[in-house]
Every structure is written in C-alpha cells, then in structure tokens.
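A.B. asks: Sharing target.txt here; it has compact mmCIF, C-alpha atoms.
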```txt
# COMPACT_ATOMS: atom_id res chain seq x y z
CA MET A 28 -76.75 -127.49 -23.36
CA ASN A 29 -78.24 -127.36 -26.83
CA CYS A 30 -78.42 -124.48 -29.25
CA ILE A 31 -79.67 -123.33 -32.61
CA ILE A 32 -78.33 -120.74 -35.06
CA VAL A 33 -80.58 -118.22 -36.78
CA ASP A 34 -78.81 -116.23 -39.50
CA ASP A 35 -79.67 -115.60 -43.13
CA GLU A 36 -75.98 -115.64 -44.07
CA ALA A 37 -74.62 -119.15 -44.68
CA ALA A 38 -71.02 -118.05 -44.03
CA ALA A 39 -72.02 -116.76 -40.60
CA ARG A 40 -73.87 -119.99 -39.77
CA ALA A 41 -70.82 -122.01 -40.83
CA ILE A 42 -68.51 -120.04 -38.54
CA ILE A 43 -70.76 -120.33 -35.48
CA GLY A 44 -71.36 -123.98 -36.32
CA GLN A 45 -67.63 -124.66 -36.41
CA LEU A 46 -67.14 -122.88 -33.09
CA CYS A 47 -69.97 -124.90 -31.53
CA GLN A 48 -68.41 -128.13 -32.73
CA ALA A 49 -65.30 -127.48 -30.68
CA VAL A 50 -67.25 -127.14 -27.42
CA GLU A 51 -67.88 -130.35 -25.54
CA ASP A 52 -70.98 -129.32 -23.61
CA LEU A 53 -72.68 -127.60 -26.53
CA ASP A 54 -74.90 -129.43 -28.97
CA LEU A 55 -75.92 -127.60 -32.14
CA ILE A 56 -79.28 -129.15 -32.99
CA GLU A 57 -80.51 -126.97 -35.87
CA GLU A 58 -79.70 -124.03 -38.14
CA PHE A 59 -82.16 -121.62 -39.70
CA SER A 60 -81.76 -119.02 -42.43
CA GLY A 61 -85.07 -117.41 -41.52
CA ALA A 62 -86.71 -116.27 -38.28
CA ILE A 63 -90.16 -117.76 -38.88
CA ASP A 64 -88.96 -121.36 -39.14
CA ALA A 65 -86.82 -120.84 -36.05
CA ILE A 66 -89.80 -119.55 -34.06
CA LYS A 67 -91.87 -122.57 -35.09
CA PHE A 68 -89.01 -124.84 -34.00
CA LEU A 69 -88.67 -123.07 -30.65
CA ASN A 70 -92.38 -123.50 -30.02
CA GLN A 71 -91.98 -127.26 -30.37
CA HIS A 72 -88.58 -127.95 -28.83
CA ASN A 73 -86.69 -127.16 -25.67
CA VAL A 74 -83.71 -125.07 -26.64
CA ASP A 75 -81.21 -123.62 -24.17
CA LEU A 76 -79.50 -121.10 -26.40
CA VAL A 77 -80.06 -119.26 -29.67
CA PHE A 78 -77.32 -117.58 -31.69
CA LEU A 79 -79.35 -114.91 -33.39
CA ASP A 80 -78.43 -112.50 -36.16
CA ILE A 81 -79.89 -109.03 -35.66
CA HIS A 82 -80.10 -108.16 -39.35
CA MET A 83 -82.46 -110.46 -41.18
CA PRO A 84 -84.68 -109.50 -44.06
CA GLY A 85 -88.07 -108.34 -42.81
CA PHE A 86 -87.52 -109.50 -39.25
CA SER A 87 -84.89 -108.14 -36.90
CA GLY A 88 -83.35 -110.09 -34.05
CA PHE A 89 -85.18 -107.83 -31.62
CA ASP A 90 -88.51 -108.61 -33.33
CA PHE A 91 -87.58 -112.25 -32.88
CA VAL A 92 -86.97 -111.90 -29.14
CA GLN A 93 -90.22 -109.97 -28.65
CA THR A 94 -92.19 -112.65 -30.50
CA LEU A 95 -91.19 -115.39 -28.08
CA LYS A 96 -93.28 -115.73 -24.95
CA ASP A 97 -90.68 -117.60 -22.96
CA PRO A 98 -87.41 -117.03 -24.82
CA PRO A 99 -84.36 -119.19 -24.20
CA LYS A 100 -80.99 -117.56 -23.62
CA ILE A 101 -80.05 -115.53 -26.63
CA VAL A 102 -76.69 -114.43 -27.97
CA LEU A 103 -76.92 -111.79 -30.64
CA THR A 104 -74.53 -111.99 -33.55
CA THR A 105 -74.01 -108.99 -35.76
CA SER A 106 -71.53 -107.04 -37.86
CA ASP A 107 -72.79 -103.88 -36.23
CA ARG A 108 -71.66 -102.55 -32.87
CA ASN A 109 -74.44 -99.99 -32.67
CA PHE A 110 -77.06 -102.19 -31.08
CA ALA A 111 -75.19 -103.19 -27.93
CA ILE A 112 -77.12 -100.94 -25.57
CA GLU A 113 -80.52 -101.94 -26.99
CA ALA A 114 -79.51 -105.58 -26.68
CA TYR A 115 -79.08 -105.36 -22.94
CA GLU A 116 -82.64 -104.13 -22.50
CA TYR A 117 -83.80 -107.70 -23.03
CA GLU A 118 -83.61 -110.10 -20.13
CA ALA A 119 -83.06 -113.10 -22.44
CA ILE A 120 -80.07 -111.61 -24.23
CA VAL A 121 -76.93 -112.81 -22.53
CA ASP A 122 -74.23 -111.56 -24.87
CA TYR A 123 -73.54 -109.69 -28.06
CA LEU A 124 -70.98 -111.05 -30.53
CA VAL A 125 -69.53 -108.89 -33.25
CA LYS A 126 -68.76 -110.86 -36.42
CA PRO A 127 -66.49 -112.44 -37.33
CA VAL A 128 -66.52 -114.28 -34.05
CA THR A 129 -63.18 -115.57 -32.77
CA ALA A 130 -62.77 -118.77 -30.76
CA GLU A 131 -61.55 -116.81 -27.74
CA ARG A 132 -64.55 -114.46 -27.71
CA PHE A 133 -66.89 -117.39 -28.30
CA GLU A 134 -65.57 -119.19 -25.24
CA LYS A 135 -66.06 -116.08 -23.10
CA CYS A 136 -69.59 -115.83 -24.39
CA LEU A 137 -70.33 -119.45 -23.50
CA GLN A 138 -69.04 -118.89 -20.00
CA LYS A 139 -71.57 -116.08 -19.63
CA VAL A 140 -74.29 -118.35 -20.95
CA ARG A 141 -73.33 -121.16 -18.58
CA ASN A 142 -73.41 -118.75 -15.67
CA SER A 143 -76.80 -117.44 -16.67
CA LEU A 144 -78.18 -120.98 -16.99
CA LYS A 145 -77.01 -121.97 -13.52
CA ARG A 146 -79.96 -122.74 -11.33
CA PRO A 147 -79.99 -120.76 -8.11
CA VAL A 148 -78.62 -122.61 -5.09
CA ILE A 149 -81.43 -123.62 -2.79
CA SER A 150 -81.01 -121.15 0.02
CA ASP A 151 -82.93 -118.12 1.08
CA GLY A 152 -80.00 -115.82 0.55
CA ASP A 153 -79.41 -116.83 -3.07
CA SER A 154 -83.01 -116.52 -4.14
CA GLU A 155 -83.31 -113.06 -2.68
CA ASP A 156 -84.39 -110.20 -4.92
CA PHE A 157 -82.70 -106.94 -4.10
CA PRO A 158 -84.70 -103.72 -3.85
CA GLY A 159 -82.55 -101.98 -6.47
CA GLY A 160 -82.77 -104.96 -8.82
CA ASN A 161 -80.56 -108.00 -9.26
CA GLU A 162 -78.37 -106.42 -11.90
CA LEU A 163 -75.88 -103.67 -12.16
CA TYR A 164 -75.08 -101.97 -15.47
CA VAL A 165 -71.54 -100.72 -15.96
CA ASN A 166 -70.29 -98.51 -18.75
CA ILE A 167 -67.27 -100.00 -20.50
CA ASP A 168 -66.08 -98.58 -23.83
CA ARG A 169 -69.50 -97.02 -24.40
CA ARG A 170 -71.23 -100.35 -23.88
CA LEU A 171 -73.55 -100.88 -20.95
CA ILE A 172 -72.65 -104.30 -19.65
CA LYS A 173 -75.15 -106.06 -17.44
CA LEU A 174 -73.70 -107.79 -14.38
CA ASP A 175 -75.65 -110.14 -12.18
CA LEU A 176 -75.01 -108.95 -8.63
CA LYS A 177 -74.90 -112.51 -7.34
CA GLU A 178 -72.06 -113.35 -9.73
CA ILE A 179 -69.79 -110.56 -8.54
CA LEU A 180 -66.98 -111.91 -6.40
CA LEU A 181 -65.33 -108.70 -5.32
CA ILE A 182 -64.58 -105.14 -6.30
CA GLU A 183 -61.14 -103.62 -6.02
CA ALA A 184 -60.26 -99.92 -6.16
CA LYS A 185 -57.41 -99.17 -8.54
CA GLY A 186 -56.69 -95.45 -8.76
CA ASP A 187 -59.42 -93.76 -10.80
CA TYR A 188 -60.87 -97.15 -11.67
CA ILE A 189 -62.48 -100.08 -9.99
CA GLU A 190 -62.14 -103.69 -11.05
CA ILE A 191 -65.22 -105.84 -10.74
CA LYS A 192 -64.38 -109.53 -10.64
CA THR A 193 -66.96 -112.15 -11.51
CA ASP A 194 -66.65 -115.91 -11.93
CA SER A 195 -65.78 -115.48 -15.58
CA GLU A 196 -64.41 -112.00 -16.14
CA THR A 197 -62.87 -108.89 -14.68
CA TYR A 198 -64.41 -105.56 -15.68
CA ARG A 199 -62.44 -102.33 -15.40
CA VAL A 200 -64.76 -99.39 -14.83
CA HIS A 201 -64.04 -95.69 -14.38
CA SER A 202 -65.65 -95.20 -10.96
CA THR A 203 -64.93 -95.27 -7.25
CA LEU A 204 -65.51 -97.82 -4.54
CA LYS A 205 -67.73 -95.32 -2.74
CA LYS A 206 -70.02 -94.88 -5.75
CA ILE A 207 -70.44 -98.57 -6.44
CA LYS A 208 -70.98 -99.31 -2.75
CA GLU A 209 -74.09 -97.12 -2.86
CA LYS A 210 -75.46 -99.28 -5.68
CA LEU A 211 -74.85 -102.62 -4.01
CA PRO A 212 -77.20 -104.34 -1.55
CA SER A 213 -75.59 -104.25 1.88
CA SER A 214 -77.10 -107.65 2.62
CA LEU A 215 -74.76 -109.18 0.03
CA PHE A 216 -71.74 -106.91 -0.10
CA LEU A 217 -69.36 -105.71 2.56
CA GLN A 218 -66.37 -103.40 2.47
CA VAL A 219 -63.54 -105.20 4.24
CA HIS A 220 -60.71 -102.85 3.34
CA ARG A 221 -60.41 -99.34 1.91
CA SER A 222 -59.65 -100.93 -1.48
CA PHE A 223 -61.97 -103.95 -1.40
CA ILE A 224 -65.66 -104.78 -1.32
CA ILE A 225 -66.49 -108.46 -1.21
CA ASN A 226 -69.57 -110.51 -1.96
CA PHE A 227 -70.35 -111.97 1.42
CA SER A 228 -71.83 -115.14 -0.06
CA LYS A 229 -68.58 -115.93 -1.91
CA ILE A 230 -66.39 -116.25 1.18
CA VAL A 231 -64.47 -119.51 1.25
CA ASP A 232 -62.66 -118.97 4.53
CA ILE A 233 -61.34 -116.27 6.82
CA GLU A 234 -57.96 -115.98 8.47
CA ASP A 235 -56.90 -113.35 10.94
CA ASN A 236 -56.35 -110.49 8.53
CA SER A 237 -57.58 -111.85 5.24
CA VAL A 238 -60.58 -113.42 3.60
CA LEU A 239 -60.52 -115.91 0.74
CA ILE A 240 -62.98 -115.17 -2.09
CA GLU A 241 -62.66 -118.13 -4.44
CA LYS A 242 -58.91 -117.92 -5.16
CA ASN A 243 -58.46 -114.27 -4.19
CA VAL A 244 -56.91 -113.44 -0.85
CA ILE A 245 -58.36 -110.11 0.28
CA PRO A 246 -57.00 -108.14 3.23
CA ILE A 247 -59.33 -107.23 6.08
CA SER A 248 -58.63 -103.89 7.70
CA ARG A 249 -58.77 -103.61 11.47
CA SER A 250 -61.66 -101.14 11.34
CA ASN A 251 -63.79 -103.36 9.06
CA ARG A 252 -63.15 -106.61 10.87
CA PRO A 253 -65.78 -106.19 13.64
CA GLU A 254 -68.59 -105.73 11.09
CA LEU A 255 -67.43 -108.76 9.14
CA MET A 256 -67.33 -110.88 12.31
CA ARG A 257 -70.73 -109.60 13.39
CA ARG A 258 -72.30 -110.78 10.16
CA LEU A 259 -70.81 -114.26 10.25
CA ASN A 260 -73.02 -117.08 11.35
CA LEU A 261 -70.52 -118.27 13.92
CA LEU A 262 -70.87 -121.60 15.70
CA MET B 17 -54.00 -102.24 -51.02
CA THR B 18 -54.84 -105.09 -48.66
CA ILE B 19 -55.05 -108.48 -50.31
CA PRO B 20 -57.82 -110.90 -49.30
CA ASN B 21 -56.67 -113.94 -47.36
CA LEU B 22 -58.03 -117.03 -45.62
CA ASP B 23 -56.05 -116.58 -42.39
CA PHE B 24 -59.16 -116.24 -40.23
CA ILE B 25 -60.72 -119.37 -41.68
CA LYS B 26 -57.50 -121.35 -41.32
CA GLU B 27 -57.21 -120.30 -37.69
CA LEU B 28 -60.83 -121.14 -37.04
CA SER B 29 -60.55 -124.52 -38.72
CA SER B 30 -57.46 -125.57 -36.70
CA GLY B 31 -56.48 -127.81 -39.57
CA ASP B 32 -59.98 -129.08 -40.28
CA TRP B 33 -59.58 -129.29 -44.04
CA ALA B 34 -63.18 -130.36 -44.63
CA PHE B 35 -64.44 -127.23 -42.88
CA GLU B 36 -62.11 -125.00 -44.90
CA GLN B 37 -63.39 -126.52 -48.15
CA LYS B 38 -66.99 -126.25 -47.01
CA PHE B 39 -66.49 -122.62 -46.12
CA ILE B 40 -64.80 -121.81 -49.43
CA GLN B 41 -67.75 -123.37 -51.25
CA ILE B 42 -70.14 -121.21 -49.21
CA LEU B 43 -68.14 -118.10 -50.16
CA LYS B 44 -68.16 -119.11 -53.82
CA GLN B 45 -71.92 -119.60 -53.76
CA GLU B 46 -72.99 -116.78 -51.50
CA PHE B 47 -70.78 -113.87 -52.49
CA PRO B 48 -71.73 -113.70 -56.21
CA LEU B 49 -75.42 -113.73 -55.24
CA GLU B 50 -74.91 -110.92 -52.72
CA LEU B 51 -72.92 -108.96 -55.30
CA GLU B 52 -75.61 -109.38 -57.92
CA GLU B 53 -78.35 -108.40 -55.51
CA TYR B 54 -76.40 -105.35 -54.35
CA GLN B 55 -75.81 -104.18 -57.93
CA SER B 56 -79.45 -104.66 -58.78
CA HIS B 57 -80.54 -102.56 -55.78
CA ILE B 58 -78.04 -99.83 -56.64
CA ASP B 59 -79.22 -99.81 -60.26
CA LYS B 60 -82.83 -99.41 -59.09
CA ALA B 61 -81.83 -96.75 -56.53
CA GLN B 62 -83.16 -99.02 -53.74
CA PHE B 63 -80.59 -97.77 -51.29
CA ASN B 64 -82.01 -99.22 -48.08
CA GLU B 65 -81.97 -102.68 -49.61
CA ALA B 66 -78.48 -102.05 -50.99
CA ALA B 67 -77.36 -101.07 -47.48
CA MET B 68 -78.63 -104.43 -46.20
CA ASN B 69 -76.52 -106.15 -48.89
CA VAL B 70 -73.48 -104.12 -47.87
CA HIS B 71 -74.13 -105.15 -44.28
CA LYS B 72 -73.92 -108.84 -45.22
CA ILE B 73 -70.93 -108.31 -47.51
CA LYS B 74 -68.96 -106.44 -44.87
CA HIS B 75 -68.90 -109.55 -42.69
CA LYS B 76 -67.16 -111.39 -45.53
CA LEU B 77 -64.67 -108.54 -45.87
CA SER B 78 -63.65 -108.96 -42.25
CA ILE B 79 -63.47 -112.74 -42.65
CA LEU B 80 -61.09 -112.20 -45.59
CA GLY B 81 -58.90 -109.85 -43.56
CA LEU B 82 -59.88 -106.73 -45.51
CA MET B 83 -60.19 -104.39 -42.57
CA ASP B 84 -59.77 -101.15 -44.55
CA ASP B 85 -62.46 -102.31 -46.95
CA TYR B 86 -64.58 -103.28 -43.95
CA GLU B 87 -64.35 -99.69 -42.67
CA LEU B 88 -65.25 -98.47 -46.15
CA ALA B 89 -68.28 -100.77 -46.12
CA ILE B 90 -69.41 -99.31 -42.80
CA LYS B 91 -69.27 -95.79 -44.26
CA HIS B 92 -70.98 -96.91 -47.47
CA GLU B 93 -73.75 -98.70 -45.59
CA GLU B 94 -74.47 -95.66 -43.44
CA ALA B 95 -74.36 -93.31 -46.43
CA LEU B 96 -76.72 -95.52 -48.43
CA LEU B 97 -79.25 -95.42 -45.61
CA ASN B 98 -79.26 -91.64 -46.18
CA GLY B 99 -79.55 -92.06 -49.95
CA ASP B 100 -75.92 -91.06 -50.40
CA THR B 101 -73.85 -93.05 -52.94
CA GLN B 102 -70.54 -91.22 -52.56
CA TRP B 103 -68.63 -94.43 -51.69
CA LYS B 104 -70.16 -96.48 -54.48
CA ASN B 105 -67.13 -96.51 -56.80
CA ASP B 106 -64.67 -97.28 -54.02
CA PHE B 107 -66.90 -100.10 -52.86
CA TYR B 108 -67.11 -101.50 -56.38
CA ARG B 109 -63.32 -101.80 -56.40
CA THR B 110 -63.52 -103.76 -53.15
CA LEU B 111 -66.18 -106.04 -54.60
CA GLU B 112 -64.10 -106.64 -57.72
CA LYS B 113 -61.09 -107.51 -55.57
CA VAL B 114 -63.08 -110.03 -53.54
CA ASP B 115 -64.73 -111.46 -56.65
CA GLU B 116 -61.33 -112.02 -58.26
CA PHE B 117 -59.96 -113.62 -55.10
CA ILE B 118 -62.90 -115.98 -54.70
CA LYS B 119 -62.39 -117.24 -58.23
CA THR B 120 -58.83 -118.22 -57.37
CA ILE B 121 -59.56 -120.30 -54.26
```
Turn the structure described in the file into structure tokens.

C.D. replies:
Amino acid sequence: MNCIIVDDEAAARAIIGQLCQAVEDLDLIEEFSGAIDAIKFLNQHNVDLVFLDIHMPGFSGFDFVQTLKDPPKIVLTTSDRNFAIEAYEYEAIVDYLVKPVTAERFEKCLQKVRNSLKRPVISDGDSEDFPGGNELYVNIDRRLIKLDLKEILLIEAKGDYIEIKTDSETYRVHSTLKKIKEKLPSSLFLQVHRSFIINFSKIVDIEDNSVLIEKNVIPISRSNRPELMRRLNLL
Amino acid sequence: MTIPNLDFIKELSSGDWAFEQKFIQILKQEFPLELEEYQSHIDKAQFNEAAMNVHKIKHKLSILGLMDDYELAIKHEEALLNGDTQWKNDFYRTLEKVDEFIKTI
C-alpha cells in the first residue's frame, strides 16, 4: 500500500517517514507541510493511506477529512489526546497516533490499516450489513474504540471484564458477556460456553467439546452444543 | 531537572546514522524558528497563536525525553488558550534548556 504524510512539522514528518521506511509493504510516495497541496495531490493520485496531523495552521485534520469526497484511510497523528473520540466519528479514520510515535505502536496501527483495507470475501455472509450497524464501540481508558464486528474472533468473560479478541489485538473492556451479547448480531455470533462468545464465521474446525477459532481452542458447553450443531451447514 | 537526550531518536534510527544526522539538522533548523515565533506571539499577547507554537514545541520535548517539561507544556498550552500566562517563565526555562542542548549536538 502507498501513503502520504501531511504535517506542518518537519520533525514529525521525519519520524513517520523513518517508520514507513522500515515497513516492507508500505510505500511513502509524498510528504506535505500543508493541507491544500495534499488535497490537490489526493485529487490526482490513488493513495491508500494518509498520516495526517490534526493541528495545522488554518486547517485542522478534521477539516481535511471533511473536504475529501472519497477519503482514503486516514491515521491521525497528534500530540494531543483530547481528540480521540471525535476522530472515531469519521469512517475514514482508522487510528489515532499520539506523538512521538514508537515503532511498536506504528506496527499496531498498520495492522489496523491492513485489516480495514481488506476487501470483503465474496460470500453473502461477509457482505451482510447488520441492523445495529457493522461496528461496535467500546470504552477503553476513556477512548471509544471502534471495532469492526466482522473482525472480532471471540469474546471471553474474565471476572468483571470481557476480552474481545480480533485478528490484530485483544481489548479488555469493563462489561459482561450478557451485555455485549445483546449488542452483537445473532447471525454472526454464538455463545458456546458460559465464558465464551464466538464469531461463527471464524470457526476453523470443531471437535467434540471444543471449537477452533483461528488458533484459539474454545470449549463448547453441553447446553450450547445443540444450537451450534443446528447452525452448521453439515454435509 | 531532566536533561534532554537523543535516546528516542537513536532507538528509532536503529543505527541509521544518516537518519540521526538528518533529524538533528531538522531540530537545529526548526526549533529556533518555533522559539522565535512563540516569543513574538507572547510579546504581542497573541496567546492562541502562542498556544499553537507550544503545541508544536511539546512534541519536540517528548522526542528529547523531557516528559516533565512536556507536562508543563500541556498546562501552558491550555492556559494560553484562556489568555493565562502563569506558566510562561517556567516554559522559558524549558525552552532555554532545549536551545542550549540543540547547540551542542
């Protein structure tokens, strides 16, 4: 994938540029110190990803996103944590990096971007839109993190918390399995044990008392097994 | 008092000497301009603009490992947006410290 950097601070551009250089599948094609030139460039070129500073003179990152008709994926970069919630109101914004950006955080961010760029698998189930929306927002450390329902592998109850596992990350949220179950489309998710809800589409295989979700072996309780078997497209 | 350092840049560069030198040159060019602009806005009581300068400078404070000064910058930036200059003198000391350091690298 290719990307551009938009930031009026040269030091910030240099850091993101250096981080980009270390990533094999990422091609930094241009850098801009101002929003206007970047918008012109985006109108003439296909760009997959923009690293965008929120604070720019006369033109905020949010102004920038609103200006674009068909924005590419955007990762906001900022020294300010206060805009996280506003950031997730925009469909195009995939992540929010607080400067200075570390290599570890950058890699996590790119994983989110890669996931968001994945084309849907050609199948009716995967292209389905759910009545409650395709996303779930979870509150973690006062940030509302947007999760794509289709990327959730499983949810595990852990005391007063639940852990939501996706392809790239595990999110620990103060909630219960019962509460999250109400928010999830039953066509995609199924409770297979008192401590586990699984994404039905992520099943790799099923043994007698367990189901494999990617590399996670999840127990199936006796009471939940009939429903699981009923929903399988058995030959 | 925390002393500025290049640990973050060295870690980021993973031994890429050319990048380290490039980054140091950027600091040497960019910081004095930001400092000058900040002082000018403070002198003219243009506090919103000064807050924007502090916002940019605070990134460099974190890059240089000055986390206490970074927290000070956050307070100063917020205060300036309310027309409050109570952290001005403390912030000047931070700026002087960074200015001195940048001249030595």

A.B. asks: Can you pull out every residue within 7 Å of region 61-75 of chain A, counting all atoms listed in the file, but drop anything in the same chain fewer than 3 positions away, and send it as number ranges by chain?

C.D. replies: A: 28-30, 33-35, 86, 91, 99-100

A.B. asks: How would the residues just picked look written out with C-alpha atoms as a PDB file, keeping the file's coordinate frame?

C.D. replies:
```pdb
ATOM      1  CA  MET A  28     -76.750-127.490 -23.360  1.00  0.00           C
ATOM      2  CA  ASN A  29     -78.240-127.360 -26.830  1.00  0.00           C
ATOM      3  CA  CYS A  30     -78.420-124.480 -29.250  1.00  0.00           C
ATOM      4  CA  VAL A  33     -80.580-118.220 -36.780  1.00  0.00           C
ATOM      5  CA  ASP A  34     -78.810-116.230 -39.500  1.00  0.00           C
ATOM      6  CA  ASP A  35     -79.670-115.600 -43.130  1.00  0.00           C
ATOM      7  CA  PHE A  86     -87.520-109.500 -39.250  1.00  0.00           C
ATOM      8  CA  PHE A  91     -87.580-112.250 -32.880  1.00  0.00           C
ATOM      9  CA  PRO A  99     -84.360-119.190 -24.200  1.00  0.00           C
ATOM     10  CA  LYS A 100     -80.990-117.560 -23.620  1.00  0.00           C
TER      11      LYS A 100
END
```

A.B. asks: Which residues of chain B come within 10 Å of chain A, and what is each one's closest atom pair and distance in Å (one decimal), counting only C-alpha atoms, sorted by chain and residue number, as CSV?

C.D. replies:
```
residue,atom,partner,partner_atom,distance
B:Phe24,CA,A:Thr129,CA,8.5
B:Ile25,CA,A:Ile42,CA,8.4
B:Glu27,CA,A:Ala130,CA,9.0
B:Leu28,CA,A:Ala130,CA,7.0
B:Ser29,CA,A:Gln45,CA,7.4
B:Asp32,CA,A:Gln45,CA,9.6
B:Phe35,CA,A:Gln45,CA,7.7
B:Lys38,CA,A:Ala41,CA,8.4
B:Phe39,CA,A:Ala38,CA,6.8
B:Ile40,CA,A:Ala38,CA,9.1
B:Gln41,CA,A:Ala38,CA,9.5
B:Ile42,CA,A:Ala38,CA,6.1
B:Leu43,CA,A:Ala38,CA,6.8
B:Gln45,CA,A:Ala37,CA,9.5
B:Glu46,CA,A:Ala37,CA,7.4
B:Phe47,CA,A:Ala38,CA,9.4
B:Glu50,CA,A:Glu36,CA,9.9
B:Glu65,CA,A:Pro84,CA,9.2
B:Met68,CA,A:His82,CA,7.9
B:His71,CA,A:Ser106,CA,7.2
B:Lys72,CA,A:Glu36,CA,7.2
B:Ile73,CA,A:Glu36,CA,9.5
B:Lys74,CA,A:Ser106,CA,7.5
B:His75,CA,A:Ser106,CA,6.0
B:Lys76,CA,A:Ala38,CA,7.8
B:Leu77,CA,A:Pro127,CA,9.6
B:Ser78,CA,A:Pro127,CA,6.7
B:Ile79,CA,A:Pro127,CA,6.1
B:Leu80,CA,A:Pro127,CA,9.9
B:Tyr86,CA,A:Ser106,CA,10.0
B:Ile90,CA,A:Asp107,CA,8.7
```

A.B. asks: So how many Å separate CA of Ile179 (chain A) and CA of Tyr117 (chain A), to one decimal?

C.D. replies: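 Those two atoms sit 20.4 Å apart.
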
A.B. asks: Near Ala66 (chain B), within 7 Å and counting only C-alpha atoms, which residues show up once chain neighbours fewer than 5 positions away are dropped, as a PyMOL selection string?

C.D. replies: chain B and resi 54+57-58

A.B. asks: With C-alpha atoms retained, write the just-selected residues as a PDB file, in the frame of the given file.

C.D. replies:
```pdb
ATOM      1  CA  TYR B  54     -76.400-105.350 -54.350  1.00  0.00           C
ATOM      2  CA  HIS B  57     -80.540-102.560 -55.780  1.00  0.00           C
ATOM      3  CA  ILE B  58     -78.040 -99.830 -56.640  1.00  0.00           C
TER       4      ILE B  58
END
```

A.B. asks: Extract, using only C-alpha atoms, all DNA, RNA and protein residues at most 9 Å from Val114 (chain B), discarding same-chain residues fewer than 2 positions from it, and format them as a compact mmCIF listing (two decimals) with C-alpha atoms, in the coordinates of the input.

C.D. replies:
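In the end it all went to part.txt:
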```
# COMPACT_ATOMS: atom_id res chain seq x y z
CA ILE B 19 -55.05 -108.48 -50.31
CA PRO B 20 -57.82 -110.90 -49.30
CA PHE B 47 -70.78 -113.87 -52.49
CA LEU B 77 -64.67 -108.54 -45.87
CA LEU B 80 -61.09 -112.20 -45.59
CA ARG B 109 -63.32 -101.80 -56.40
CA THR B 110 -63.52 -103.76 -53.15
CA LEU B 111 -66.18 -106.04 -54.60
CA GLU B 112 -64.10 -106.64 -57.72
CA GLU B 116 -61.33 -112.02 -58.26
CA PHE B 117 -59.96 -113.62 -55.10
CA ILE B 118 -62.90 -115.98 -54.70
CA LYS B 119 -62.39 -117.24 -58.23
```

A.B. asks: As an exercise, work out the distance from CA of Lys205 (chain A) to CA of Asn251 (chain A) in Å and give it to one decimal place.

C.D. replies: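 If I compute the distance from CA of Lys205 (chain A) to CA of Asn251 (chain A), I get 14.8 Å.
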
A.B. asks: Which value, in Å to one decimal, gives the distance between CA of Gly44 (chain A) and CA of Thr94 (chain A)?

C.D. replies: 24.4 Å

A.B. asks: Give the answer as one residue: which of B:Leu51, B:Ala61, B:Met83, B:Ile121 has the shortest atom-to-atom distance to Leu97 (chain B), using all atoms listed in the file?

C.D. replies: B:Ala61

A.B. asks: Let me make sure I understand: among A:Ile240, A:Leu259, A:Leu215, A:Ile32, which one has the smallest atom-to-atom distance to Asp54 (chain A) if we use only C-alpha atoms?

C.D. replies: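 Of A:Ile240, A:Leu259, A:Leu215, A:Ile32, the one nearest Asp54 (chain A), counting only C-alpha atoms, is A:Ile32.
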
A.B. asks: Counting all atoms listed in the file, note down every residue that has an atom within 12 Å of the point (-73.2, -105.0, 1.5) (file coordinates), as a list of chain:residue names.

C.D. replies: A:Phe157, A:Leu176, A:Lys177, A:Ile179, A:Leu181, A:Ile182, A:Lys205, A:Ile207, A:Lys208, A:Glu209, A:Lys210, A:Leu211, A:Pro212, A:Ser213, A:Ser214, A:Leu215, A:Phe216, A:Leu217, A:Gln218, A:Val219, A:Phe223, A:Ile224, A:Ile225, A:Asn226, A:Phe227, A:Ser228, A:Glu254, A:Leu255, A:Arg258

A.B. asks: Nearest residue to Glu52 (chain B) out of B:Leu82, B:Glu93, B:Asp115, B:Glu36, using all atoms listed in the file?

C.D. replies: B:Asp115
